[in-house]
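Novice: Input: one structure, supplied below.
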Amino acid sequence: MSEKKLQEVATAIVEAEEAAKADAPPQPEKPKRTIHWDDELMTTRQLMEFLSLSRTKIWELVNKEQLPAFKIGGDYRYRRSEVIEWLERFRVVR
């Protein structure tokens, strides 16, 4: 293929891509996440009070039972809504 023909093909491809973008419907914006009261982050001490458990037991649950937690520096934080969801997996149904 000649140099001129290659240039024409490349130009046609670029023009087709630009036309496709112009014809495409606008992408909707992602909805912003609303933070609810249950998305609050709790410290280990707050979680101890919330669950009425010892610090050691909470750390065991994080390591063995997959209690959801964030580790920030040397401190753990727990999202209240995730803790509640995690608790629901252990609900006893009679």
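The way I read the labels, and the way they are meant: chains A, B, ... in the order of the structure tokens, residue 1 as the first residue of every chain, and ligand 1 as the first ligand shown, with later ones counted on from there.
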To test your reading of the structure, identify every residue in chain A that backbone DSSP assigns to strand (DSSP E), and report it as a PyMOL selection string.
Specialist: chain A and resi 41-43+70-72+75-79
Novice: Counting only C-alpha atoms, what is within 9 Å of A:Arg79, bar same-chain residues fewer than 4 positions away, as a list in words?
Specialist: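 Counting only the stated atoms, we get Asp38, Asp39, Glu40, Leu41, Met42, Pro68, Ala69, Phe70, Val83 and Ile84 of chain A.
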Novice: Please save C-alpha atoms of the selected residues as an mmCIF file, in the first residue's frame.
Specialist:
```cif
data_model
loop_
_atom_site.group_PDB
_atom_site.id
_atom_site.type_symbol
_atom_site.label_atom_id
_atom_site.label_comp_id
_atom_site.auth_asym_id
_atom_site.auth_seq_id
_atom_site.Cartn_x
_atom_site.Cartn_y
_atom_site.Cartn_z
ATOM 1 C CA ASP A 38 -24.934 2.628 59.805
ATOM 2 C CA ASP A 39 -21.872 3.320 57.625
ATOM 3 C CA GLU A 40 -20.175 4.813 60.653
ATOM 4 C CA LEU A 41 -16.699 3.464 61.368
ATOM 5 C CA MET A 42 -16.240 2.113 64.874
ATOM 6 C CA PRO A 68 -14.916 -7.334 58.177
ATOM 7 C CA ALA A 69 -12.385 -4.770 59.350
ATOM 8 C CA PHE A 70 -10.024 -2.083 58.099
ATOM 9 C CA VAL A 83 -20.732 -5.820 61.098
ATOM 10 C CA ILE A 84 -24.532 -6.070 61.087
#
```
Novice: Could you state the separation of atom CA of A:Ser54 and atom CA of A:Val92 in Å, given to one decimal place?
Specialist: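 Computing the Euclidean distance for atom CA of A:Ser54 and atom CA of A:Val92 yields 22.0 Å.
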Novice: Please, which residues of chain A, numbered as in this document, come out helix (DSSP H, G or I) from DSSP, as number ranges by chain?
Specialist: A: 3-23, 37-39, 44-51, 55-64, 80-88
Novice: Export, as a compact mmCIF listing (two decimals), in the first residue's frame, the selected residues with C-alpha atoms.
Specialist:
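Okay, again-v3.txt is ready:
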```
# COMPACT_ATOMS: atom_id res chain seq x y z
CA GLU A 3 2.00 6.03 1.81
CA LYS A 4 -0.91 8.16 0.62
CA LYS A 5 -3.36 5.24 0.86
CA LEU A 6 -2.19 4.39 4.40
CA GLN A 7 -2.74 8.01 5.42
CA GLU A 8 -6.25 7.97 3.94
CA VAL A 9 -7.14 4.76 5.83
CA ALA A 10 -5.77 6.14 9.11
CA THR A 11 -7.72 9.38 8.64
CA ALA A 12 -10.92 7.43 7.87
CA ILE A 13 -10.49 5.35 11.05
CA VAL A 14 -9.99 8.45 13.21
CA GLU A 15 -13.03 10.15 11.63
CA ALA A 16 -15.17 7.04 12.18
CA GLU A 17 -14.14 6.84 15.85
CA GLU A 18 -14.95 10.53 16.38
CA ALA A 19 -18.33 10.13 14.68
CA ALA A 20 -19.13 7.11 16.86
CA LYS A 21 -18.32 9.13 19.99
CA ALA A 22 -20.52 11.99 18.83
CA ASP A 23 -23.45 9.63 18.07
CA TRP A 37 -25.73 6.34 60.05
CA ASP A 38 -24.93 2.63 59.81
CA ASP A 39 -21.87 3.32 57.63
CA THR A 44 -12.33 -1.74 68.49
CA ARG A 45 -13.45 -0.30 71.82
CA GLN A 46 -16.78 0.83 70.31
CA LEU A 47 -17.24 -2.58 68.70
CA MET A 48 -16.49 -4.26 72.02
CA GLU A 49 -19.35 -2.30 73.54
CA PHE A 50 -21.65 -2.85 70.54
CA LEU A 51 -21.15 -6.66 70.56
CA ARG A 55 -10.89 -7.23 72.52
CA THR A 56 -9.26 -10.66 72.19
CA LYS A 57 -12.50 -12.25 70.98
CA ILE A 58 -12.98 -9.50 68.39
CA TRP A 59 -9.45 -10.02 67.07
CA GLU A 60 -10.13 -13.77 66.88
CA LEU A 61 -13.30 -13.10 64.90
CA VAL A 62 -11.43 -10.83 62.50
CA ASN A 63 -8.77 -13.49 61.92
CA LYS A 64 -10.87 -16.67 61.96
CA ARG A 80 -21.28 -0.74 61.45
CA SER A 81 -23.35 -1.84 58.41
CA GLU A 82 -20.82 -4.56 57.53
CA VAL A 83 -20.73 -5.82 61.10
CA ILE A 84 -24.53 -6.07 61.09
CA GLU A 85 -24.47 -7.95 57.75
CA TRP A 86 -21.78 -10.28 59.15
CA LEU A 87 -23.91 -10.91 62.24
CA GLU A 88 -26.92 -11.85 60.11
```
Novice: Just how far from atom CA of A:Ser52 is atom CA of A:Leu67, in Å to one decimal?
Specialist: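 Taking atom CA of A:Leu67 as the start and atom CA of A:Ser52 as the end point, the length is 14.9 Å.
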